[in-house]
file start24.cif (mmCIF, C-alpha atoms)
data_start
#
loop_
_atom_site.label_atom_id
_atom_site.label_comp_id
_atom_site.auth_asym_id
_atom_site.auth_seq_id
_atom_site.Cartn_x
_atom_site.Cartn_y
_atom_site.Cartn_z
CA MET Y 95 17.58 -2.87 17.95
CA SER Y 96 14.05 -4.05 17.55
CA ARG Y 97 12.28 -0.84 16.65
CA PRO Y 98 12.12 0.99 13.32
CA PRO Y 99 14.47 3.97 12.83
CA ARG Y 100 13.07 6.81 14.91
CA LEU Y 101 13.57 9.52 12.33
CA ALA Y 102 11.85 7.45 9.62
CA ARG Y 103 8.97 6.71 11.99
CA TRP Y 104 8.62 10.40 12.80
CA TRP Y 105 8.61 11.23 9.09
CA LEU Y 106 6.03 8.53 8.41
CA ALA Y 107 3.80 9.72 11.26
CA ARG Y 108 4.02 13.24 9.94
CA SER Y 109 3.07 12.10 6.44
CA LEU Y 110 0.07 9.98 7.35
CA ARG Y 111 -3.41 11.39 7.67
CA GLU Y 112 -4.37 11.97 11.25
CA ASP Y 113 -7.32 9.58 11.34
CA ASP Y 114 -5.28 6.69 9.90
CA ARG Y 115 -1.99 7.52 11.61
CA GLU Y 116 -1.88 5.29 14.69
CA GLU Y 117 -3.40 2.31 12.92
CA LEU Y 118 -1.03 2.51 9.95
CA LEU Y 119 2.03 3.06 12.12
CA GLU Y 120 1.10 -0.18 13.83
CA GLU Y 121 0.72 -1.98 10.47
CA PHE Y 122 4.10 -0.66 9.28
CA ASP Y 123 5.67 -1.71 12.58
CA LEU Y 124 4.36 -5.25 12.03
CA VAL Y 125 5.87 -5.34 8.55
CA PHE Y 126 9.16 -4.02 9.97
CA ALA Y 127 9.19 -6.71 12.69
CA HIS Y 128 8.54 -9.43 10.10
CA ARG Y 129 11.34 -8.17 7.82
CA ARG Y 130 13.75 -7.79 10.74
CA ARG Y 131 13.29 -11.46 11.63
CA ARG Y 132 13.74 -12.56 8.03
CA LEU Y 133 16.31 -10.10 6.66
CA GLY Y 134 17.96 -8.42 9.63
CA TRP Y 135 17.62 -4.94 11.09
CA LEU Y 136 19.56 -3.05 8.42
CA ARG Y 137 17.51 -4.25 5.45
CA ALA Y 138 14.30 -3.90 7.42
CA ALA Y 139 15.28 -0.33 8.32
CA LEU Y 140 16.08 0.49 4.68
CA GLY Y 141 12.66 -0.86 3.67
CA TYR Y 142 11.02 1.21 6.40
CA TRP Y 143 12.78 4.36 5.16
CA ARG Y 144 11.71 3.65 1.60
CA ASP Y 145 8.08 3.23 2.73
CA ALA Y 146 8.17 6.39 4.84
CA LEU Y 147 9.53 8.48 1.96
CA ARG Y 148 7.08 7.01 -0.50
CA ILE Y 149 4.08 7.74 1.72
CA GLY Y 150 5.37 11.27 2.14
CA LEU Y 151 5.41 11.72 -1.62
CA ALA Y 152 2.11 9.96 -2.28
CA ASP Y 153 -0.09 13.00 -1.70
CA HIS Y 154 1.78 14.91 -4.37
CA GLY Y 155 0.48 12.80 -7.22
CA PRO Y 156 0.39 9.27 -8.54
CA ALA Y 157 3.54 9.77 -10.60
CA LEU Y 158 5.61 10.44 -7.50
CA ALA Y 159 3.87 7.72 -5.54
CA GLY Y 160 4.69 5.12 -8.17
CA ALA Y 161 8.29 6.19 -8.69
CA SER Y 162 11.19 4.69 -6.82
CA VAL Y 163 12.83 6.90 -4.23
CA VAL Y 164 16.10 6.92 -6.17
CA GLY Y 165 14.25 7.82 -9.37
CA THR Y 166 12.43 10.65 -7.63
CA LEU Y 167 15.64 12.05 -6.12
CA ARG Y 168 17.44 11.75 -9.45
CA ALA Y 169 14.63 13.60 -11.24
CA ALA Y 170 14.71 16.30 -8.54
CA ALA Y 171 18.50 16.73 -8.85
CA THR Y 172 18.33 16.91 -12.66
CA GLY Y 173 15.54 19.47 -12.49
CA LEU Y 174 17.45 21.57 -9.98
CA ALA Y 175 20.57 21.58 -12.14
CA ARG Y 176 18.74 22.45 -15.36
CA ALA Y 177 16.22 24.99 -14.10
CA PRO Y 178 16.93 26.00 -10.52
CA LEU Y 179 14.31 28.76 -10.31
CA ARG Y 180 11.54 26.60 -11.70
CA SER Y 181 12.50 23.72 -9.37
CA LEU Y 182 12.45 25.97 -6.32
CA GLY Y 183 9.05 27.26 -7.42
CA ALA Y 184 7.80 23.68 -7.72
CA VAL Y 185 9.05 22.87 -4.22
CA ALA Y 186 7.28 25.95 -2.85
CA THR Y 187 4.07 24.85 -4.61
CA LEU Y 188 4.36 21.35 -3.12
CA GLY Y 189 4.72 22.90 0.32
CA THR Y 190 1.57 24.92 -0.23
CA SER Y 191 -0.41 21.93 -1.46
CA GLU Y 192 0.82 19.88 1.51
CA SER Y 193 -0.55 22.37 4.02
CA ARG Y 194 -3.79 22.68 2.05
CA SER Y 195 -4.33 18.98 1.47
CA SER Y 196 -4.03 18.22 5.16
CA ARG Y 197 -6.95 20.52 5.86
CA SER Y 198 -9.08 20.10 2.77
CA PRO Y 199 -12.34 18.17 3.17
CA SER Y 200 -12.04 17.08 -0.45
CA ALA Y 201 -8.90 15.07 0.25
CA PRO Y 202 -9.34 11.35 -0.61
CA ARG Y 203 -9.71 10.39 3.02
CA GLY Y 204 -13.51 10.35 2.60
CA ALA Y 205 -13.26 7.47 0.17
CA TRP Y 206 -10.77 5.72 2.44
CA ARG Y 207 -13.39 5.73 5.18
CA SER Y 208 -16.22 4.42 3.03
CA GLY Y 209 -16.21 0.86 4.34
CA ARG Y 210 -19.31 -0.72 5.79
CA CYS Y 211 -18.56 -3.01 8.70
CA HIS Y 212 -21.82 -4.85 8.49
CA SER Y 213 -20.89 -6.16 5.04
CA LEU Y 214 -17.84 -7.94 6.39
CA SER Y 215 -17.74 -11.16 8.32
CA ARG Y 216 -14.87 -12.57 10.38
CA ILE Y 217 -13.33 -9.13 10.69
CA GLY Y 218 -10.04 -9.18 12.47
CA SER Y 219 -9.75 -12.93 12.31
CA SER Y 220 -7.70 -13.16 9.14
CA GLY Y 221 -4.02 -12.68 8.87
CA SER Y 222 -3.42 -10.98 12.18
CA ASP Y 223 -2.00 -14.16 13.65
CA ARG Y 224 0.42 -14.49 10.75
CA ALA Y 225 1.65 -10.96 11.21
CA ALA Y 226 2.02 -11.37 14.92
CA ALA Y 227 3.79 -14.71 14.59
CA MET N 101 -4.24 2.22 -16.16
CA SER N 102 -7.64 2.61 -17.80
CA LYS N 103 -10.77 2.99 -15.72
CA ASP N 104 -11.80 -0.64 -16.20
CA GLY N 105 -8.33 -2.14 -16.22
CA LEU N 106 -6.12 -3.50 -13.51
CA GLY N 107 -2.40 -2.90 -13.20
CA GLY N 108 -0.06 -5.78 -12.50
CA PHE N 109 0.53 -4.73 -8.92
CA GLU N 110 -3.17 -4.12 -8.31
CA GLN N 111 -3.83 -7.66 -9.48
CA LEU N 112 -1.26 -8.99 -7.00
CA VAL N 113 -2.89 -7.03 -4.16
CA LEU N 114 -6.37 -8.30 -5.01
CA LEU N 115 -5.21 -11.90 -5.42
CA ALA N 116 -3.33 -11.73 -2.10
CA LEU N 117 -6.50 -10.40 -0.46
CA LEU N 118 -8.47 -13.34 -1.81
CA ARG N 119 -5.77 -15.83 -0.81
CA LEU N 120 -5.71 -14.55 2.78
CA GLY N 121 -9.37 -15.38 3.13
CA GLU N 122 -10.46 -11.80 3.36
CA PRO N 123 -11.11 -9.50 5.11
CA ALA N 124 -7.41 -8.87 5.68
CA HIS N 125 -5.27 -6.20 7.28
CA THR N 126 -2.46 -4.26 5.57
CA ALA N 127 0.53 -5.93 7.24
CA PRO N 128 -0.44 -9.57 6.51
CA LEU N 129 -1.21 -8.49 2.96
CA VAL N 130 2.29 -7.05 2.49
CA ILE N 131 3.82 -10.21 3.96
CA GLU N 132 1.69 -12.46 1.75
CA ILE N 133 2.73 -10.57 -1.41
CA GLU N 134 6.40 -10.66 -0.36
CA GLU N 135 6.33 -14.38 0.35
CA ARG N 136 4.50 -15.31 -2.85
CA SER N 137 6.48 -13.02 -5.15
CA GLY N 138 9.79 -13.82 -3.44
CA ARG N 139 10.91 -10.19 -3.40
CA PRO N 140 10.53 -7.23 -1.06
CA VAL N 141 7.40 -5.19 -1.60
CA SER N 142 6.89 -1.65 -0.43
CA ALA N 143 4.25 -1.48 2.31
CA ALA N 144 3.56 2.07 1.18
CA LYS N 145 2.89 0.87 -2.34
CA VAL N 146 0.38 -1.67 -1.02
CA TYR N 147 -1.28 1.03 1.10
CA ILE N 148 -1.52 3.38 -1.88
CA ALA N 149 -2.84 0.59 -4.13
CA LEU N 150 -5.53 -0.30 -1.56
CA ARG N 151 -6.58 3.34 -1.32
CA ARG N 152 -6.79 3.59 -5.10
CA LEU N 153 -8.71 0.31 -5.38
CA GLU N 154 -11.16 1.47 -2.75
CA GLN N 155 -11.76 4.71 -4.60
CA ARG N 156 -12.57 2.63 -7.68
CA GLY N 157 -15.00 0.43 -5.78
CA LEU N 158 -12.87 -2.70 -6.16
CA VAL N 159 -12.15 -2.99 -2.44
CA ILE N 160 -14.18 -2.09 0.61
CA SER N 161 -12.74 -1.50 4.01
CA CYS N 162 -13.96 -1.55 7.55
CA LYS N 163 -12.35 -0.40 10.74
CA ARG N 164 -13.25 -2.61 13.64
CA GLU N 165 -13.19 -0.97 17.02
CA PRO N 166 -11.44 -3.09 19.69
CA GLU N 167 -13.68 -5.07 22.01
CA PRO N 168 -13.92 -3.82 25.61
CA GLY N 169 -10.94 -5.17 27.51
CA GLU N 170 -9.17 -6.19 24.31
CA GLY N 171 -6.93 -3.12 24.32
CA GLY N 172 -5.07 -1.67 21.37
CA ARG N 173 -6.58 0.16 18.45
CA GLY N 174 -9.05 -0.89 15.83
CA ARG N 175 -7.53 -2.22 12.65
CA ARG N 176 -8.83 -1.68 9.17
CA SER N 177 -9.74 -4.76 7.16
CA PHE N 178 -10.06 -4.97 3.39
CA LYS N 179 -12.25 -7.08 1.19
CA ALA N 180 -12.32 -7.41 -2.59
CA THR N 181 -15.69 -6.68 -4.18
CA ALA N 182 -17.50 -8.85 -6.71
CA ARG N 183 -16.52 -6.36 -9.42
CA ALA N 184 -12.86 -6.89 -8.57
CA VAL N 185 -13.23 -10.65 -8.85
CA ALA N 186 -14.94 -10.25 -12.23
CA LEU N 187 -12.09 -8.03 -13.44
CA LEU N 188 -9.49 -10.54 -12.24
CA ARG N 189 -11.28 -13.34 -14.10
CA ARG N 190 -11.42 -11.27 -17.26
CA ASN N 191 -7.71 -10.47 -17.05
CA ARG N 192 -6.89 -14.11 -16.54
CA ARG N 193 -8.91 -15.13 -19.60
CA THR N 194 -7.14 -12.46 -21.66
CA LEU N 195 -3.72 -13.71 -20.55
CA GLU N 196 -4.68 -17.30 -21.28
CA ARG N 197 -5.70 -16.34 -24.82
CA PHE N 198 -2.24 -14.82 -25.31
CA TRP N 199 -0.53 -17.95 -23.93
CA GLU N 200 -2.47 -20.25 -26.24
CA GLY N 201 -0.21 -21.69 -28.91
CA LEU N 202 3.00 -20.84 -27.08
CA LYS N 203 3.61 -24.43 -26.05
CA PRO N 204 7.44 -24.31 -26.07
CA LEU N 205 7.49 -21.25 -23.80
CA GLU N 206 4.94 -22.84 -21.46
CA ASP N 207 7.18 -25.88 -21.05
CA GLU N 208 10.23 -23.70 -20.37
CA ALA N 209 8.37 -21.83 -17.64
CA ARG N 210 7.82 -25.11 -15.78
#
call {"tool": "encode", "arguments": {"input": "start24.cif", "output": "structure tokens"}}
result
Amino acid sequence: MSRPPRLARWWLARSLREDDREELLEEFDLVFAHRRRRLGWLRAALGYWRDALRIGLADHGPALAGASVVGTLRAAATGLARAPLRSLGAVATLGTSESRSSRSPSAPRGAWRSGRCHSLSRIGSSGSDRAAA
Amino acid sequence: MSKDGLGGFEQLVLLALLRLGEPAHTAPLVIEIEERSGRPVSAAKVYIALRRLEQRGLVISCKREPEPGEGGRGRRSFKATARAVALLRRNRRTLERFWEGLKPLEDEAR
């Protein structure tokens, strides 16, 4: 098994912004390939899942993005047990913001695209060999 | 983290960028941080940190389109700005001031 888990890759692709999607999937695949060689498929796959879930949560706020997956799930379970109605409302709100953020022109993707190629030299020459090796 | 400050992980990302001989891509950056820190690092966390650093003007990025006949897709490269380097230097000086006078601990660390 040399490829990342298909379900995790699907989830990751779904979570990434369209204009960055293919490029970032490739970057994540390179990281997976490196980890698989060093740590084995299982640990590489677990890392890939963790990354996919984290990216999926990133657009819902820096607190979620910075939290561990286990911490996020634990907080969600606690919230659901203590205040089920409020938790379900929060989930519904997240769903709404997800569909809005993917269409909104004010999403942070503008800043992500602000680079100026002419200010960079040796583009593409650094690091790519290491990742490919 | 305050507007002018740098978090610990952000410092690692910027230092790894500089070590790679920027501009660097995301995957080599993740691998560099993992190898230097000796522990697994979330690629997503690096991606999010880069996005945040770019929004703050501490990193600039550029997507190079593939050359004709090269195939594949363009990859985004990242470069630390002069402001980021100045912030890193300031943080280092601050840490060094705190380490001053802690000779026994310094020796233990080695």
call {"tool": "closest_residue", "arguments": {"input": "start24.cif", "among": "Y:Ala175, Y:Leu124, Y:Ala138, Y:Leu101", "to": "chain N", "atoms": "only C-alpha atoms"}}
result
Y:Leu124
call {"tool": "atom_distance", "arguments": {"input": "start24.cif", "atom1": "atom CA of Y:Pro98", "atom2": "atom CA of Y:Ala127"}}
result
8.3 Å
call {"tool": "atom_distance", "arguments": {"input": "start24.cif", "atom1": "atom CA of N:Gln155", "atom2": "atom CA of N:Pro128"}}
result
21.3 Å
call {"tool": "closest_atom_pairs", "arguments": {"input": "start24.cif", "of": "chain N", "to": "chain Y", "cutoff": "8 Å", "atoms": "only C-alpha atoms", "output": "tab-separated table"}}
result
residue	atom	partner	partner_atom	distance
N:Leu120	CA	Y:Gly221	CA	6.6
N:Gly121	CA	Y:Ser220	CA	6.6
N:Glu122	CA	Y:Ser220	CA	6.5
N:Pro123	CA	Y:Ile217	CA	6.0
N:Ala124	CA	Y:Ser220	CA	5.5
N:His125	CA	Y:Gly221	CA	6.8
N:Thr126	CA	Y:Glu121	CA	6.3
N:Ala127	CA	Y:Glu121	CA	5.1
N:Pro128	CA	Y:Gly221	CA	5.3
N:Leu129	CA	Y:Gly221	CA	7.8
N:Val130	CA	Y:Val125	CA	7.2
N:Ile131	CA	Y:Val125	CA	7.0
N:Ser142	CA	Y:Asp145	CA	5.9
N:Ala143	CA	Y:Asp145	CA	6.1
N:Ala144	CA	Y:Asp145	CA	4.9
N:Lys145	CA	Y:Gly160	CA	7.4
N:Ile148	CA	Y:Ala152	CA	7.5
N:Arg151	CA	Y:Trp206	CA	6.1
N:Glu154	CA	Y:Trp206	CA	6.7
N:Gln155	CA	Y:Ala205	CA	5.7
N:Ile160	CA	Y:Gly209	CA	5.2
N:Ser161	CA	Y:Gly209	CA	4.2
N:Cys162	CA	Y:Gly209	CA	4.6
N:Lys163	CA	Y:Cys211	CA	7.0
N:Arg164	CA	Y:Ile217	CA	7.2
N:Arg173	CA	Y:Glu117	CA	6.7
N:Gly174	CA	Y:Glu117	CA	7.1
N:Arg175	CA	Y:Glu117	CA	6.1
N:Arg176	CA	Y:Glu117	CA	7.7
N:Ser177	CA	Y:Ile217	CA	6.7
N:Lys179	CA	Y:Leu214	CA	7.7
call {"tool": "axis_aligned_box", "arguments": {"input": "start24.cif", "around": "stretch 156-166 of chain N", "padding_each_side": "6 Å", "output": "JSON"}}
result
{"center_x": -13.2, "center_y": -0.2, "center_z": 6.0, "size_x": 15.6, "size_y": 17.7, "size_z": 39.4}
call {"tool": "atom_distance", "arguments": {"input": "start24.cif", "atom1": "atom CA of N:Leu158", "atom2": "atom CA of N:Ala180"}}
result
5.9 Å
